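K.L.:
Sharing my_file27.cif, mmCIF, C-alpha atoms:
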data_structure
loop_
_atom_site.label_atom_id
_atom_site.label_comp_id
_atom_site.auth_asym_id
_atom_site.auth_seq_id
_atom_site.Cartn_x
_atom_site.Cartn_y
_atom_site.Cartn_z
CA MET A 447 68.80 145.87 101.32
CA THR A 448 65.41 146.64 99.81
CA CYS A 449 64.29 150.14 100.70
CA THR A 450 61.22 152.16 99.79
CA VAL A 451 62.25 155.78 99.31
CA LEU A 452 60.39 159.05 98.83
CA LEU A 453 61.91 161.03 95.94
CA PRO A 454 61.11 164.39 94.29
CA ILE A 455 59.43 164.12 90.90
CA SER A 456 62.36 166.02 89.33
CA VAL A 457 64.70 163.08 89.91
CA LYS A 458 62.75 160.76 87.57
CA PRO A 459 65.01 161.37 84.54
CA VAL A 460 68.10 160.27 86.48
CA ILE A 461 66.68 157.44 88.61
CA THR A 462 68.17 154.93 86.15
CA ALA A 463 71.44 155.46 87.99
CA ALA A 464 69.82 153.74 90.98
CA GLN A 465 69.01 150.45 89.24
CA ALA A 466 72.01 148.76 90.86
CA THR A 467 70.38 149.18 94.27
CA ASN A 468 67.16 147.65 95.56
CA LEU A 469 65.04 150.79 95.53
CA ASN A 470 61.28 151.09 95.43
CA PRO A 471 60.90 154.79 94.51
CA LEU A 472 57.83 156.75 95.56
CA TYR A 473 57.71 160.12 93.80
CA TYR A 474 56.14 163.31 95.08
CA ARG A 475 55.41 166.76 93.71
CA LEU A 476 54.90 169.76 95.97
CA GLN A 477 51.83 171.83 95.15
CA HIS A 478 51.91 175.39 96.44
CA ASP A 479 48.81 176.53 98.33
CA SER A 480 46.38 178.72 96.45
CA PHE A 481 45.02 181.85 98.08
CA SER A 482 41.69 180.16 98.80
CA THR A 483 43.46 177.19 100.41
CA LYS A 484 45.42 179.51 102.69
CA VAL A 485 42.23 181.31 103.72
CA LYS A 486 40.42 178.03 104.41
CA ARG A 487 43.32 176.79 106.52
CA LYS A 488 43.41 180.04 108.51
CA LEU A 489 39.68 179.85 109.15
CA GLY A 490 39.92 176.23 110.22
CA ILE A 491 37.74 174.99 107.36
CA LEU A 492 40.66 172.96 106.00
CA ASN A 493 42.55 170.94 108.59
CA ALA A 494 46.27 170.19 108.48
CA SER A 495 45.75 166.66 107.18
CA ASN A 496 43.66 167.76 104.19
CA SER A 497 46.05 170.63 103.55
CA LEU A 498 48.94 168.16 103.46
CA ASP A 499 47.09 165.94 100.97
CA ARG A 500 46.51 168.93 98.69
CA GLY A 501 50.11 170.11 98.93
CA LEU A 502 51.85 166.74 98.60
CA ASP A 503 50.98 165.12 95.30
CA LEU A 504 52.19 161.51 95.25
CA THR A 505 52.70 160.37 91.68
CA PRO A 506 51.46 157.87 90.61
CA TYR A 507 50.86 156.20 93.98
CA ARG A 508 48.45 156.90 96.80
CA SER A 509 49.50 158.01 100.26
CA ALA A 510 48.96 154.46 101.57
CA ASN A 511 52.37 153.60 100.11
CA LEU A 512 53.95 155.93 102.66
CA ASN A 513 53.65 153.09 105.17
CA ASP A 514 56.67 151.39 103.54
CA VAL A 515 58.95 154.43 103.25
CA GLU A 516 62.27 153.90 105.06
CA ALA A 517 64.27 156.79 103.56
CA ALA A 518 63.08 160.17 102.31
CA TRP A 519 64.85 162.61 100.02
CA LEU A 520 63.36 166.06 100.60
CA SER A 521 64.06 168.63 97.88
CA PRO A 522 65.19 172.19 98.73
CA ASP A 523 61.70 173.66 98.27
CA PHE A 524 60.09 171.14 100.62
CA GLY A 525 58.45 173.23 103.33
CA LEU A 526 55.78 172.08 105.78
CA SER A 527 54.48 173.46 109.05
CA SER A 528 55.36 171.51 112.19
CA GLN A 529 51.79 170.19 112.34
CA GLN A 530 51.87 169.02 108.72
CA MET A 531 55.30 167.48 109.22
CA GLU A 532 54.05 165.55 112.23
CA ILE A 533 51.11 164.20 110.22
CA LEU A 534 53.44 163.18 107.40
CA LEU A 535 55.74 161.36 109.83
CA ASP A 536 52.73 159.57 111.32
CA ARG A 537 52.06 158.18 107.84
CA MET A 538 55.64 156.88 107.56
CA PRO A 539 56.08 154.64 110.64
CA LYS A 540 59.10 152.84 109.12
CA LEU A 541 61.01 156.02 108.25
CA ARG A 542 64.64 155.83 109.45
CA TRP A 543 66.47 158.51 107.45
CA VAL A 544 65.75 161.91 105.91
CA TYR A 545 68.13 163.35 103.32
CA TRP A 546 67.56 167.12 103.21
CA GLN A 547 68.93 168.62 99.99
CA ARG A 548 70.07 171.83 101.66
CA ALA A 549 72.99 172.76 103.86
CA GLY A 550 70.97 174.63 106.50
CA THR A 551 68.49 172.69 108.63
CA GLU A 552 66.66 175.58 110.33
CA ASP A 553 63.42 174.70 108.47
CA MET A 554 63.47 170.94 109.04
CA HIS A 555 61.85 170.53 112.50
CA CYS A 556 64.96 168.82 113.87
CA GLU A 557 63.53 168.30 117.36
CA LEU A 558 60.52 166.48 115.91
CA LEU A 559 62.77 164.09 113.96
CA LYS A 560 65.06 163.61 116.95
CA ALA A 561 62.14 162.73 119.21
CA ARG A 562 61.10 159.97 116.78
CA GLY A 563 64.64 158.61 116.38
CA ILE A 564 64.82 159.55 112.69
CA ALA A 565 68.27 160.40 111.36
CA LEU A 566 68.58 163.69 109.43
CA SER A 567 71.41 164.44 107.02
CA ASN A 568 72.00 167.65 105.13
CA SER A 569 73.46 167.87 101.64
CA GLY A 570 77.01 168.04 103.01
CA GLY A 571 79.43 169.09 100.32
CA LEU A 572 76.94 168.83 97.46
CA VAL A 573 76.91 172.55 96.63
CA SER A 574 79.98 173.68 98.57
CA ARG A 575 82.21 174.03 95.53
CA SER A 576 79.56 175.86 93.51
CA VAL A 577 78.86 178.36 96.33
CA ALA A 578 82.59 178.83 96.90
CA GLU A 579 83.01 179.62 93.19
CA MET A 580 80.29 182.28 93.51
CA ASN A 581 82.15 183.78 96.49
CA LEU A 582 85.33 183.92 94.43
CA SER A 583 83.45 185.36 91.44
CA CYS A 584 82.16 188.22 93.61
CA ILE A 585 85.65 188.88 94.95
CA ILE A 586 87.14 189.02 91.45
CA ALA A 587 84.26 191.14 90.12
CA GLN A 588 84.83 193.73 92.83
CA ALA A 589 88.63 193.64 92.63
CA LYS A 590 88.58 194.11 88.84
CA ARG A 591 85.68 196.63 89.05
CA LEU A 592 83.44 194.71 86.66
CA PRO A 593 80.21 196.49 87.74
CA GLU A 594 81.82 199.87 86.89
CA HIS A 595 83.01 198.59 83.52
CA ILE A 596 79.46 197.45 82.70
CA GLN A 597 78.10 200.87 83.62
CA LEU A 598 80.71 202.60 81.46
CA GLN A 599 79.85 200.36 78.52
CA ARG A 600 76.13 201.13 78.90
CA ARG A 601 76.93 204.86 78.84
CA CYS A 602 79.18 204.36 75.78
CA ARG A 603 82.18 205.70 77.70
CA TRP A 604 85.77 204.52 77.43
CA LYS A 605 87.69 204.85 80.69
CA THR A 606 90.61 202.81 82.02
CA LEU A 607 90.17 201.85 85.69
CA TYR A 608 92.79 200.84 88.22
CA CYS A 609 92.15 197.36 89.62
CA GLU A 610 93.24 195.55 92.78
CA ASP A 611 95.98 192.94 92.99
CA LEU A 612 94.33 190.02 94.79
CA SER A 613 97.62 188.56 95.97
CA SER A 614 98.03 191.52 98.30
CA GLN A 615 94.53 191.36 99.76
CA THR A 616 92.82 189.54 102.63
CA VAL A 617 89.53 187.65 102.68
CA GLY A 618 87.86 187.06 106.04
CA ILE A 619 85.41 184.17 106.11
CA ILE A 620 82.79 184.05 108.84
CA GLY A 621 82.45 180.30 109.34
CA THR A 622 84.66 177.24 108.92
CA GLY A 623 82.34 174.67 107.32
CA ASN A 624 82.45 173.02 103.89
CA ILE A 625 81.70 176.21 101.94
CA ALA A 626 84.20 178.23 103.96
CA SER A 627 86.94 175.62 103.42
CA GLN A 628 86.30 175.46 99.68
CA THR A 629 86.32 179.26 99.45
CA ALA A 630 89.59 179.38 101.37
CA ARG A 631 91.23 176.92 98.96
CA LEU A 632 90.17 178.92 95.92
CA CYS A 633 91.40 182.18 97.44
CA HIS A 634 94.72 180.59 98.42
CA ALA A 635 95.14 179.56 94.77
CA LEU A 636 95.21 183.30 93.99
CA SER A 637 97.76 183.89 96.79
CA MET A 638 95.28 185.75 98.97
CA ARG A 639 95.56 185.82 102.76
CA VAL A 640 92.62 183.97 104.27
CA THR A 641 91.32 184.34 107.83
CA ALA A 642 88.22 182.81 109.39
CA ALA A 643 85.95 183.13 112.42
CA SER A 644 84.87 180.04 114.35
CA ARG A 645 82.84 179.42 117.50
CA ASN A 646 85.62 177.11 118.67
CA PRO A 647 89.02 178.06 117.21
CA THR A 648 90.88 175.71 119.57
CA ARG A 649 89.66 172.65 117.67
CA PHE A 650 91.94 173.67 114.79
CA GLN A 651 95.11 173.88 116.90
CA ASP A 652 96.40 170.37 116.24
CA THR A 653 94.87 169.86 112.80
CA LYS A 654 95.86 170.90 109.32
CA HIS A 655 93.55 173.56 107.90
CA THR A 656 93.34 176.06 105.02
CA TYR A 657 93.31 179.32 107.00
CA ASP A 658 96.17 181.68 107.79
CA ARG A 659 94.51 182.61 111.07
CA ILE A 660 91.31 181.67 112.89
CA TYR A 661 89.56 184.12 115.22
CA HIS A 662 86.83 183.51 117.77
CA LEU A 663 83.43 184.21 116.22
CA HIS A 664 82.19 186.40 119.05
CA ASP A 665 85.26 187.63 120.92
CA GLU A 666 87.44 188.49 117.92
CA LEU A 667 85.05 189.09 115.01
CA ASP A 668 85.86 192.81 114.92
CA ILE A 669 89.53 191.99 114.31
CA LEU A 670 88.65 189.87 111.28
CA LEU A 671 86.32 192.58 109.97
CA HIS A 672 88.94 195.30 110.34
CA GLU A 673 91.64 193.29 108.55
CA ALA A 674 89.59 191.95 105.64
CA ASP A 675 89.23 193.47 102.20
CA TYR A 676 86.42 190.98 101.53
CA VAL A 677 84.13 189.57 104.22
CA VAL A 678 82.39 186.34 103.23
CA VAL A 679 79.42 185.14 105.30
CA ALA A 680 79.38 181.32 105.44
CA VAL A 681 77.67 180.35 108.70
CA PRO A 682 74.34 178.55 109.19
CA LEU A 683 71.31 180.50 110.38
CA ASN A 684 70.38 179.98 114.02
CA GLU A 685 69.51 182.15 117.00
CA GLU A 686 73.21 182.76 117.56
CA THR A 687 73.88 184.06 114.05
CA ARG A 688 70.61 185.88 113.28
CA ASN A 689 71.50 189.57 112.66
CA LEU A 690 75.13 188.71 113.41
CA ILE A 691 76.26 191.49 111.06
CA GLY A 692 74.78 194.88 111.95
CA MET A 693 75.80 198.51 112.04
CA LYS A 694 78.43 197.88 114.75
CA GLN A 695 80.13 195.31 112.53
CA PHE A 696 79.94 197.54 109.43
CA LYS A 697 81.66 200.32 111.37
CA ALA A 698 84.46 197.87 112.20
CA MET A 699 85.04 197.14 108.50
CA ARG A 700 87.26 199.16 106.18
CA SER A 701 85.58 201.74 103.97
CA SER A 702 87.12 199.91 100.99
CA ALA A 703 85.84 196.50 102.12
CA THR A 704 83.20 194.35 100.42
CA LEU A 705 80.61 192.10 102.07
CA ILE A 706 79.62 188.85 100.34
CA ASN A 707 76.68 186.89 101.72
CA THR A 708 75.92 183.51 100.15
CA ALA A 709 74.50 182.06 103.36
CA ARG A 710 71.16 183.26 104.75
CA HIS A 711 69.54 186.66 104.32
CA GLN A 712 68.68 186.94 108.04
CA ILE A 713 72.33 186.77 109.17
CA VAL A 714 72.93 190.32 107.93
CA ASP A 715 70.72 193.16 109.18
CA GLU A 716 69.20 194.43 105.91
CA ASN A 717 68.55 198.01 107.04
CA ALA A 718 72.03 198.27 108.52
CA LEU A 719 73.53 197.00 105.26
CA CYS A 720 71.64 199.54 103.14
CA ASN A 721 72.58 202.34 105.53
CA ALA A 722 76.22 201.27 105.54
CA LEU A 723 76.35 201.34 101.73
CA SER A 724 74.47 204.64 101.47
CA SER A 725 76.83 206.31 103.95
CA ASN A 726 79.96 204.75 102.36
CA LEU A 727 80.90 202.77 105.47
CA ILE A 728 81.78 199.91 103.12
CA ALA A 729 82.50 199.87 99.40
CA ALA A 730 80.06 197.22 98.14
CA ALA A 731 77.97 194.18 98.96
CA TYR A 732 77.05 191.06 96.99
CA LEU A 733 74.02 189.01 98.02
CA ASP A 734 73.18 185.51 96.86
CA VAL A 735 70.38 184.75 99.29
CA LEU A 736 66.72 183.85 99.35
CA PHE A 737 64.77 186.80 100.76
CA ASP A 738 61.99 186.21 103.27
CA ARG A 739 59.65 188.45 101.28
CA ARG A 740 58.84 189.24 97.67
CA LEU A 741 60.95 192.04 96.19
CA TYR A 742 59.12 194.75 94.24
CA PHE A 743 60.72 197.33 91.93
CA TRP A 744 60.45 200.02 94.61
CA ASP A 745 62.22 197.90 97.25
CA ARG A 746 65.17 199.56 98.95
CA ILE A 747 67.35 196.59 98.06
CA TYR A 748 67.06 197.56 94.38
CA ARG A 749 67.74 201.24 95.07
CA THR A 750 70.82 200.95 97.28
CA LYS A 751 74.05 201.87 95.52
CA HIS A 752 76.87 199.34 95.19
CA LEU A 753 74.57 196.49 96.21
CA TYR A 754 74.59 193.58 93.76
CA ILE A 755 72.22 190.59 93.80
CA THR A 756 72.87 187.25 92.11
CA HIS A 757 69.34 185.95 92.77
CA TYR A 758 70.09 182.86 94.90
CA SER A 759 71.99 181.21 92.07
CA ALA A 760 75.19 180.00 93.74
CA ALA A 761 73.84 176.57 94.66
CA HIS A 762 72.19 175.92 91.29
CA PHE A 763 74.05 174.11 88.51
CA ARG A 764 72.97 171.86 85.66
CA ASN A 765 73.88 168.43 87.04
CA LYS A 766 72.86 169.17 90.63
CA GLN A 767 70.08 166.58 90.77
CA GLN A 768 72.38 163.85 89.45
CA LYS A 769 74.93 164.66 92.15
CA ALA A 770 72.22 164.79 94.81
CA LEU A 771 70.99 161.37 93.73
CA GLN A 772 74.50 159.94 94.03
CA SER A 773 74.82 161.44 97.53
CA PHE A 774 71.49 159.89 98.49
CA LEU A 775 72.47 156.46 97.15
CA HIS A 776 75.85 156.72 98.87
CA GLY A 777 74.06 157.33 102.16
CA LEU A 778 71.93 154.21 101.72
CA LYS A 779 74.97 152.09 100.86
CA GLN A 780 77.00 153.49 103.76
CA GLU A 781 74.20 152.75 106.23
CA ALA A 782 73.94 149.19 104.90
CA LYS A 783 77.67 148.68 105.48
CA THR A 784 78.36 150.66 108.65
CA GLY A 785 74.97 151.31 110.25
CA THR A 786 75.44 155.10 110.10
CA PHE A 787 74.33 157.73 107.61
CA PRO A 788 76.77 160.38 106.23
CA ASP A 789 76.54 164.13 106.95
CA ARG A 790 74.20 163.45 109.85
CA VAL A 791 73.02 166.50 111.82
CA VAL A 792 70.33 164.76 113.94
#
Show this structure as structure tokens.

P.N.:
Amino acid sequence: MTCTVLLPISVKPVITAAQATNLNPLYYRLQHDSFSTKVKRKLGILNASNSLDRGLDLTPYRSANLNDVEAAWLSPDFGLSSQQMEILLDRMPKLRWVYWQRAGTEDMHCELLKARGIALSNSGGLVSRSVAEMNLSCIIAQAKRLPEHIQLQRRCRWKTLYCEDLSSQTVGIIGTGNIASQTARLCHALSMRVTAASRNPTRFQDTKHTYDRIYHLHDELDILLHEADYVVVAVPLNEETRNLIGMKQFKAMRSSATLINTARHQIVDENALCNALSSNLIAAAYLDVLFDRRLYFWDRIYRTKHLYITHYSAAHFRNKQQKALQSFLHGLKQEAKTGTFPDRVV
């Protein structure tokens, strides 16, 4: 099968791995809007089509080549308004598949793709292991009191601290997807008890899974929170999970418990989290999320005690683009053989 594909400019160094397939790559680079461009767009001086042309730099081709695109690989930072996305899709009449290099699809205009009959796949298990390792790292850091050791070292103080035995502790994972399953396996390797919360626990009744117990996400979440020494957030962001964790949920947790969020910032109520930490309702929190605003040095996030940020680093590793390329090529080969794309969400 010969297929014209839209690829991010950053994949150029590794595209040689695709020579075995009949690919006609069309590269793009996303240009972020300048302040003047944003003002012009707001005032209506710059329409959505011109704004798209300025933001989407096709290298070294012209946008006319979009007519032949059948598959598109959209990088994690690919963000367009619904109007711009509709214009882009109009320019790609042959488009059949979009590979979105992120796990969450809340920013991908799913209904627009569905209406046009375009298949959408997320990154599947591409970063699951890496994010799960970050979850485990946060658990170990808190159990072995690494932040306190660092503070003692900075103050030139020598003090032996008692640490937790992980084999006697429980981790409660909110979610049962790829990241949750990988986290559960790693925690089981340390003999931890692992529970999870799912919207449909009954689907696990007759299947083999990695959890010691599965609770209902809405009816039994408080039970999971009360039992867990570490609460890991691993659910996608949608209207059902937005602000899922608030003050009520923090009050249900143990005062010695730790919250770890490597999913989406909006799932946990930020003010409630800061208040819970300030009033010692929970012991600590670790955040590896992309904030929906710019953080300044006076931000409350930076001033809240026992709150640790790992700067949205869990899903970033050195050979990520190579693995993403292999996933993309696998999807093309699978569709050629079976007629279906892997990890399809639309």

K.L.:
So which residues fall inside 7 Å of (72.9, 172.1, 107.1) if we count only C-alpha atoms? Mind giving them as a PyMOL selection string?

P.N.:
chain A and resi 548-551+568-569+682

K.L.:
Any chance you could work out the residue set of the PyMOL selection byres ((chain A and resi 697) around 10) here, as a ChimeraX atom specification?

P.N.:
/A:668,671-672,692-696,698-701,722,727-728

K.L.:
In terms of the shortest atom-to-atom distance over only C-alpha atoms, which of A:Leu535, A:Leu719, A:Ile625, A:Leu705 is closest to Arg746 of chain A?

P.N.:
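Residue with the minimum atom-to-atom distance to Arg746 of chain A: A:Leu719.
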
K.L.:
Of the residues A:Pro471, A:His752, A:Leu489, A:Pro788, which is the one nearest to His776 of chain A, using all atoms listed in the file?

P.N.:
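Closest to His776 of chain A, using all atoms listed in the file: A:Pro788.
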
K.L.:
Pick out the closest residue to Met638 of chain A from this set: A:Thr750, A:Ser724, A:Gln615, A:Thr656. Count all atoms listed in the file.

P.N.:
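Closest to Met638 of chain A of all the choices is A:Gln615.
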
K.L.:
So how many Å separate atom CA of Lys488 of chain A and atom CA of Leu512 of chain A, to one decimal?

P.N.:
27.0 Å

K.L.:
Since I can't run it myself right now, could you work out what the PyMOL selection byres ((chain A and resi 539) around 10) selects here and report it as number ranges by chain?

P.N.:
A: 512-516, 534-538, 540-542, 562

K.L.:
Apply the PyMOL selection byres ((chain A and resi 667) around 12) to the file shown and report the selected residues as a count of residues only.

P.N.:
33

K.L.:
Report, in Å with one decimal, the straight-line distance from atom CA of Ile755 of chain A to atom CA of Leu733 of chain A.

P.N.:
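Calculated distance between atom CA of Ile755 of chain A and atom CA of Leu733 of chain A is 4.9 Å.
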
K.L.:
Return the single residue from A:Tyr676, A:Phe743, A:Trp604, A:Phe737 that is closest to Arg710 of chain A, with distances computed using all atoms listed in the file.

P.N.:
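Closest residue, counting all atoms listed in the file: A:Phe737.
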
K.L.:
Please work out which residues fall within 12 Å of (98.4, 182.5, 96.7), coordinates as given in the file, with all atoms listed in the file counting, and return them as a list of chain:residue names.

P.N.:
A:Asp611, A:Leu612, A:Ser613, A:Ser614, A:Gln615, A:Thr616, A:Val617, A:Ala630, A:Arg631, A:Leu632, A:Cys633, A:His634, A:Ala635, A:Leu636, A:Ser637, A:Met638, A:Arg639, A:Val640, A:Thr656, A:Tyr657, A:Asp658

K.L.:
For Gln712 of chain A, which residue out of A:Gln599, A:Gln780, A:Asn726, A:Asn684 is the nearest one, using all atoms listed in the file?

P.N.:
A:Asn684
